[in-house]
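Asker: One structure, pasted below without further comment.
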Amino acid sequence: METPSYSHLTSEDYNHVYEPSEDSFLLLDALEDELLFLRNKKPLICLEIGPGSGIIVSALAKYLDYQSHGFFAVDINKYACDATLRTSKANSVNVQIINMDLLSSFKPNSIDLLVCNPPYVPTFTNNLDSVCDIPEQTKLYDEEAESVYNSSKSDKMLIKSWAGGLDGCEIINRIISNLDYILAPNGIFYLLIIKENNPERIMKTLKTMGYESHQIKDRKIRGEHLIVLKITKT
Ligand SMILES: C[S@@+](CC[C@H](N)C(=O)[O-])C[C@H]1O[C@@H](n2cnc3c(N)ncnc32)[C@H](O)[C@@H]1O
């Protein structure tokens, strides 16, 4: 599975949109390993939460297109929605992109293939609006996030692309707790996490909800142990 072209995105875009990084490429590699399985499975509705540059959903649209029904992407960041649209066009694939918070407007149990590389870095909070009301010393404990205090609204959107809140799990927990509502009965979910997110806890929670989860790929990069989970209903 070739990485879709994204050379049309510029450093100006990356002031507002998450630039494809090792985590993005690990998820792409994991999906490449799963391609045969997915082609046999024939997912009708495929959706990426948080496409950023759009390379992952565009790759899926390119390599699963001959039998799938629709490719969707939702991102809270309007710049990411625009980047995803441009990436899908540059790669001649059709992706429907919606600017919204997670899946608030989706029909229940409609997603056959769900993919997400969420904001996973542990920070004090993922809610950057409320952060401004917390006393200085107790705000984000990740030093990088100090920049939030001086940042514009679009910079905050960029911070939201990696700031995962407590244990890096604020968005991950929100998605998992809505999985029964989101996924179609035979749906599959590929989720990228890091070791600090506590994969064992996540997998235990999923088990109690009736989902099977396996670690299908991992990679250690500087300072991060990236993991891809494959999640299916038992
Ligand atoms: C780590 S980036 C991943 C981007 C891209 N999928 C990749 O792998 O390169 C996380 C993405 O999730 C989006 N995001 C964060 N919180 C979100 C939310 N509540 N609803 C929808 N998208 C969200 C961010 O704007 C960002 O584009």
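Convention: chains lettered A, B, ... in structure tokens order; per-chain residue numbering from 1; ligands numbered from 1 as shown.
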What are the closest atom pairs, with distances in Å to one decimal, for all residues of chain A lying within 7 Å of ligand 1? Consider only C-alpha atoms and all ligand atoms, order rows by chain and residue number, and present the result as a Markdown table.

Answerer:
```
| residue | atom | partner | partner_atom_place_in_ligand_line | distance |
| --- | --- | --- | --- | --- |
| A:Val17 | CA | ligand 1 | 27 (O) | 6.3 |
| A:Tyr18 | CA | ligand 1 | 2 (S) | 5.5 |
| A:Glu19 | CA | ligand 1 | 9 (O) | 6.0 |
| A:Pro20 | CA | ligand 1 | 9 (O) | 4.1 |
| A:Ser21 | CA | ligand 1 | 9 (O) | 6.2 |
| A:Asp23 | CA | ligand 1 | 8 (O) | 6.2 |
| A:Ser24 | CA | ligand 1 | 8 (O) | 3.6 |
| A:Ile49 | CA | ligand 1 | 22 (N) | 5.5 |
| A:Gly50 | CA | ligand 1 | 12 (O) | 3.3 |
| A:Pro51 | CA | ligand 1 | 6 (N) | 3.8 |
| A:Gly52 | CA | ligand 1 | 27 (O) | 3.4 |
| A:Ser53 | CA | ligand 1 | 5 (C) | 5.9 |
| A:Gly54 | CA | ligand 1 | 5 (C) | 6.4 |
| A:Ile55 | CA | ligand 1 | 9 (O) | 6.9 |
| A:Ile56 | CA | ligand 1 | 6 (N) | 6.2 |
| A:Val74 | CA | ligand 1 | 21 (C) | 5.5 |
| A:Asp75 | CA | ligand 1 | 22 (N) | 3.6 |
| A:Ile76 | CA | ligand 1 | 21 (C) | 4.1 |
| A:Asn77 | CA | ligand 1 | 25 (O) | 4.6 |
| A:Ala80 | CA | ligand 1 | 27 (O) | 5.6 |
| A:Met100 | CA | ligand 1 | 21 (C) | 5.9 |
| A:Asp101 | CA | ligand 1 | 20 (N) | 3.7 |
| A:Leu102 | CA | ligand 1 | 20 (N) | 3.6 |
| A:Cys116 | CA | ligand 1 | 6 (N) | 6.4 |
| A:Asn117 | CA | ligand 1 | 3 (C) | 4.9 |
| A:Pro118 | CA | ligand 1 | 10 (C) | 4.5 |
| A:Pro119 | CA | ligand 1 | 1 (C) | 4.7 |
| A:Met157 | CA | ligand 1 | 25 (O) | 6.1 |
| A:Leu158 | CA | ligand 1 | 25 (O) | 6.5 |
| A:Lys160 | CA | ligand 1 | 15 (C) | 5.3 |
| A:Ser161 | CA | ligand 1 | 24 (C) | 3.7 |
| A:Trp162 | CA | ligand 1 | 1 (C) | 5.1 |
| A:Ile171 | CA | ligand 1 | 19 (N) | 6.4 |
```

Asker: Just the selected residues (N, CA and C atoms), exported as a JSON list (two decimals), in the first residue's frame, please.

Answerer:
```
[["chain", "number", "residue", "atom", "x", "y", "z"],
["A", 17, "VAL", "N", -2.28, 21.80, 11.00],
["A", 17, "VAL", "CA", -2.71, 20.41, 10.79],
["A", 17, "VAL", "C", -1.57, 19.47, 11.19],
["A", 18, "TYR", "N", -1.93, 18.35, 11.79],
["A", 18, "TYR", "CA", -0.93, 17.36, 12.22],
["A", 18, "TYR", "C", -0.16, 16.81, 11.01],
["A", 19, "GLU", "N", 1.15, 16.92, 11.07],
["A", 19, "GLU", "CA", 1.97, 16.44, 9.95],
["A", 19, "GLU", "C", 2.16, 14.93, 10.08],
["A", 20, "PRO", "N", 2.01, 14.16, 8.98],
["A", 20, "PRO", "CA", 2.20, 12.71, 9.08],
["A", 20, "PRO", "C", 3.54, 12.39, 9.73],
["A", 21, "SER", "N", 3.49, 11.49, 10.72],
["A", 21, "SER", "CA", 4.67, 11.17, 11.52],
["A", 21, "SER", "C", 4.75, 9.65, 11.68],
["A", 23, "ASP", "N", 3.72, 7.71, 13.93],
["A", 23, "ASP", "CA", 2.46, 7.07, 14.33],
["A", 23, "ASP", "C", 1.54, 6.88, 13.13],
["A", 24, "SER", "N", 1.47, 7.91, 12.27],
["A", 24, "SER", "CA", 0.64, 7.80, 11.06],
["A", 24, "SER", "C", 1.14, 6.65, 10.19],
["A", 49, "ILE", "N", -11.62, 8.66, 12.24],
["A", 49, "ILE", "CA", -11.78, 9.77, 13.18],
["A", 49, "ILE", "C", -10.45, 10.50, 13.23],
["A", 50, "GLY", "N", -10.46, 11.79, 12.94],
["A", 50, "GLY", "CA", -9.25, 12.61, 13.02],
["A", 50, "GLY", "C", -8.27, 12.35, 11.89],
["A", 51, "PRO", "N", -8.65, 12.61, 10.63],
["A", 51, "PRO", "CA", -7.76, 12.29, 9.51],
["A", 51, "PRO", "C", -6.54, 13.20, 9.38],
["A", 52, "GLY", "N", -6.55, 14.39, 9.99],
["A", 52, "GLY", "CA", -5.40, 15.30, 9.88],
["A", 52, "GLY", "C", -5.10, 15.61, 8.42],
["A", 53, "SER", "N", -3.95, 15.16, 7.95],
["A", 53, "SER", "CA", -3.54, 15.40, 6.55],
["A", 53, "SER", "C", -4.40, 14.62, 5.56],
["A", 54, "GLY", "N", -5.02, 13.54, 6.02],
["A", 54, "GLY", "CA", -5.89, 12.74, 5.15],
["A", 54, "GLY", "C", -5.20, 11.55, 4.50],
["A", 55, "ILE", "N", -3.94, 11.26, 4.87],
["A", 55, "ILE", "CA", -3.25, 10.17, 4.14],
["A", 55, "ILE", "C", -3.84, 8.79, 4.44],
["A", 56, "ILE", "N", -4.35, 8.59, 5.65],
["A", 56, "ILE", "CA", -4.80, 7.24, 6.01],
["A", 56, "ILE", "C", -6.13, 6.92, 5.32],
["A", 74, "VAL", "N", -14.02, 12.39, 9.91],
["A", 74, "VAL", "CA", -14.50, 13.50, 10.74],
["A", 74, "VAL", "C", -13.33, 14.07, 11.53],
["A", 75, "ASP", "N", -13.20, 15.37, 11.49],
["A", 75, "ASP", "CA", -12.12, 16.01, 12.27],
["A", 75, "ASP", "C", -12.68, 17.28, 12.89],
["A", 76, "ILE", "N", -12.26, 17.52, 14.13],
["A", 76, "ILE", "CA", -12.72, 18.69, 14.86],
["A", 76, "ILE", "C", -12.06, 19.97, 14.33],
["A", 77, "ASN", "N", -10.96, 19.78, 13.58],
["A", 77, "ASN", "CA", -10.16, 20.88, 13.08],
["A", 77, "ASN", "C", -10.52, 21.16, 11.62],
["A", 80, "ALA", "N", -7.82, 20.61, 9.12],
["A", 80, "ALA", "CA", -7.57, 19.20, 8.81],
["A", 80, "ALA", "C", -8.61, 18.70, 7.79],
["A", 100, "MET", "N", -16.53, 17.88, 12.65],
["A", 100, "MET", "CA", -17.32, 17.72, 13.88],
["A", 100, "MET", "C", -16.52, 17.00, 14.95],
["A", 101, "ASP", "N", -17.08, 17.01, 16.15],
["A", 101, "ASP", "CA", -16.47, 16.39, 17.31],
["A", 101, "ASP", "C", -16.85, 14.91, 17.33],
["A", 102, "LEU", "N", -15.85, 14.07, 17.17],
["A", 102, "LEU", "CA", -16.07, 12.62, 17.10],
["A", 102, "LEU", "C", -17.25, 12.29, 16.19],
["A", 116, "CYS", "N", -8.53, 5.05, 13.77],
["A", 116, "CYS", "CA", -8.22, 6.29, 14.49],
["A", 116, "CYS", "C", -6.79, 6.30, 15.04],
["A", 117, "ASN", "N", -6.11, 7.39, 14.75],
["A", 117, "ASN", "CA", -4.85, 7.72, 15.41],
["A", 117, "ASN", "C", -5.17, 8.95, 16.25],
["A", 118, "PRO", "N", -5.58, 8.74, 17.50],
["A", 118, "PRO", "CA", -6.14, 9.84, 18.30],
["A", 118, "PRO", "C", -5.04, 10.71, 18.92],
["A", 119, "PRO", "N", -5.44, 11.84, 19.51],
["A", 119, "PRO", "CA", -4.47, 12.56, 20.35],
["A", 119, "PRO", "C", -4.18, 11.66, 21.56],
["A", 157, "MET", "N", -6.10, 24.15, 17.96],
["A", 157, "MET", "CA", -6.58, 22.99, 17.21],
["A", 157, "MET", "C", -5.41, 22.04, 16.94],
["A", 158, "LEU", "N", -4.24, 22.61, 16.66],
["A", 158, "LEU", "CA", -3.07, 21.77, 16.40],
["A", 158, "LEU", "C", -2.68, 21.03, 17.69],
["A", 160, "LYS", "N", -4.68, 20.22, 20.00],
["A", 160, "LYS", "CA", -5.70, 19.18, 20.21],
["A", 160, "LYS", "C", -5.42, 17.93, 19.38],
["A", 161, "SER", "N", -4.54, 18.04, 18.37],
["A", 161, "SER", "CA", -4.26, 16.86, 17.56],
["A", 161, "SER", "C", -3.37, 15.87, 18.31],
["A", 162, "TRP", "N", -2.66, 16.33, 19.36],
["A", 162, "TRP", "CA", -1.82, 15.38, 20.11],
["A", 162, "TRP", "C", -2.10, 15.34, 21.60],
["A", 171, "ILE", "N", -9.74, 11.22, 24.63],
["A", 171, "ILE", "CA", -10.46, 10.94, 23.38],
["A", 171, "ILE", "C", -10.62, 9.43, 23.19]]
```

Asker: Extract, using only C-alpha atoms, all DNA, RNA and protein residues at most 8 Å from segment 183-196 of chain A, discarding same-chain residues fewer than 6 positions from it, and format them as a list in words.

Answerer: Asp23, Leu27, Pro43, Pro108, Asn109, Ser110, Ile111, Asp112, Leu113, Leu114, Val115, Cys116, Asn117, Pro118, Tyr120, Pro122, Asp167, Gly168, Glu224, His225, Leu226, Ile227, Val228, Leu229, Lys230, Ile231, Thr232 and Lys233 of chain A

Asker: Taking only C-alpha atoms into account, name the residue in A:Ile45, A:Ala90, A:Met203, A:Asp33 that is nearest to Ser5 of chain A.

Answerer: A:Ala90

Asker: List every residue of segment 42-228 of chain A that DSSP, applied to the backbone of this structure, places in alpha helix (DSSP H), and write the result as a PDB file with C-alpha atoms, in the first residue's frame.

Answerer:
```
ATOM      1  CA  ILE A  55      -3.253  10.174   4.135  1.00  0.00           C
ATOM      2  CA  ILE A  56      -4.804   7.240   6.008  1.00  0.00           C
ATOM      3  CA  VAL A  57      -8.393   7.545   4.816  1.00  0.00           C
ATOM      4  CA  SER A  58      -7.119   8.300   1.285  1.00  0.00           C
ATOM      5  CA  ALA A  59      -5.015   5.109   1.335  1.00  0.00           C
ATOM      6  CA  LEU A  60      -8.055   3.096   2.433  1.00  0.00           C
ATOM      7  CA  ALA A  61     -10.196   4.691  -0.264  1.00  0.00           C
ATOM      8  CA  LYS A  62      -7.553   3.886  -2.861  1.00  0.00           C
ATOM      9  CA  TYR A  63      -6.966   0.258  -1.899  1.00  0.00           C
ATOM     10  CA  LEU A  64     -10.460  -0.823  -0.821  1.00  0.00           C
ATOM     11  CA  LYS A  78     -11.485  22.632   9.970  1.00  0.00           C
ATOM     12  CA  TYR A  79      -7.960  22.983   8.577  1.00  0.00           C
ATOM     13  CA  ALA A  80      -7.575  19.198   8.810  1.00  0.00           C
ATOM     14  CA  CYS A  81     -10.881  18.778   6.940  1.00  0.00           C
ATOM     15  CA  ASP A  82      -9.574  21.026   4.185  1.00  0.00           C
ATOM     16  CA  ALA A  83      -6.213  19.188   4.070  1.00  0.00           C
ATOM     17  CA  THR A  84      -8.015  15.822   3.888  1.00  0.00           C
ATOM     18  CA  LEU A  85     -10.168  17.059   1.009  1.00  0.00           C
ATOM     19  CA  ARG A  86      -7.067  18.226  -0.869  1.00  0.00           C
ATOM     20  CA  THR A  87      -5.238  14.939  -0.192  1.00  0.00           C
ATOM     21  CA  SER A  88      -8.207  12.878  -1.372  1.00  0.00           C
ATOM     22  CA  LYS A  89      -8.408  14.941  -4.579  1.00  0.00           C
ATOM     23  CA  ALA A  90      -4.647  14.737  -5.172  1.00  0.00           C
ATOM     24  CA  LEU A 128      -7.964  23.575  25.906  1.00  0.00           C
ATOM     25  CA  ASP A 129     -10.746  26.058  26.524  1.00  0.00           C
ATOM     26  CA  SER A 130     -11.082  25.111  30.161  1.00  0.00           C
ATOM     27  CA  VAL A 131      -7.292  25.002  30.524  1.00  0.00           C
ATOM     28  CA  LYS A 153      -7.559  29.330  18.056  1.00  0.00           C
ATOM     29  CA  SER A 154      -6.014  27.438  15.109  1.00  0.00           C
ATOM     30  CA  ASP A 155      -2.847  26.724  17.142  1.00  0.00           C
ATOM     31  CA  LYS A 156      -5.079  25.265  19.843  1.00  0.00           C
ATOM     32  CA  MET A 157      -6.577  22.987  17.206  1.00  0.00           C
ATOM     33  CA  LEU A 158      -3.072  21.770  16.401  1.00  0.00           C
ATOM     34  CA  ILE A 159      -2.421  21.106  20.090  1.00  0.00           C
ATOM     35  CA  LYS A 160      -5.704  19.179  20.213  1.00  0.00           C
ATOM     36  CA  GLU A 170      -9.559  11.402  27.041  1.00  0.00           C
ATOM     37  CA  ILE A 171     -10.457  10.942  23.382  1.00  0.00           C
ATOM     38  CA  ILE A 172      -9.639   7.213  23.400  1.00  0.00           C
ATOM     39  CA  ASN A 173     -12.055   6.665  26.324  1.00  0.00           C
ATOM     40  CA  ARG A 174     -14.766   8.713  24.625  1.00  0.00           C
ATOM     41  CA  ILE A 175     -14.488   6.604  21.471  1.00  0.00           C
ATOM     42  CA  ILE A 176     -14.395   3.294  23.340  1.00  0.00           C
ATOM     43  CA  SER A 177     -17.379   4.155  25.508  1.00  0.00           C
ATOM     44  CA  LEU A 179     -18.193   1.836  20.396  1.00  0.00           C
ATOM     45  CA  ASP A 180     -21.483  -0.041  20.813  1.00  0.00           C
ATOM     46  CA  TYR A 181     -23.235   2.965  19.288  1.00  0.00           C
ATOM     47  CA  ILE A 182     -20.717   3.556  16.501  1.00  0.00           C
ATOM     48  CA  PRO A 199      -3.008  -0.949  26.608  1.00  0.00           C
ATOM     49  CA  GLU A 200      -3.784  -3.655  29.182  1.00  0.00           C
ATOM     50  CA  ARG A 201      -6.443  -1.462  30.806  1.00  0.00           C
ATOM     51  CA  ILE A 202      -7.911  -0.543  27.418  1.00  0.00           C
ATOM     52  CA  MET A 203      -8.044  -4.196  26.341  1.00  0.00           C
ATOM     53  CA  LYS A 204      -9.620  -5.209  29.669  1.00  0.00           C
ATOM     54  CA  THR A 205     -12.301  -2.534  29.303  1.00  0.00           C
ATOM     55  CA  LEU A 206     -12.979  -3.690  25.751  1.00  0.00           C
ATOM     56  CA  LYS A 207     -13.290  -7.295  26.948  1.00  0.00           C
ATOM     57  CA  THR A 208     -15.904  -6.373  29.539  1.00  0.00           C
TER      58      THR A 208
END
```
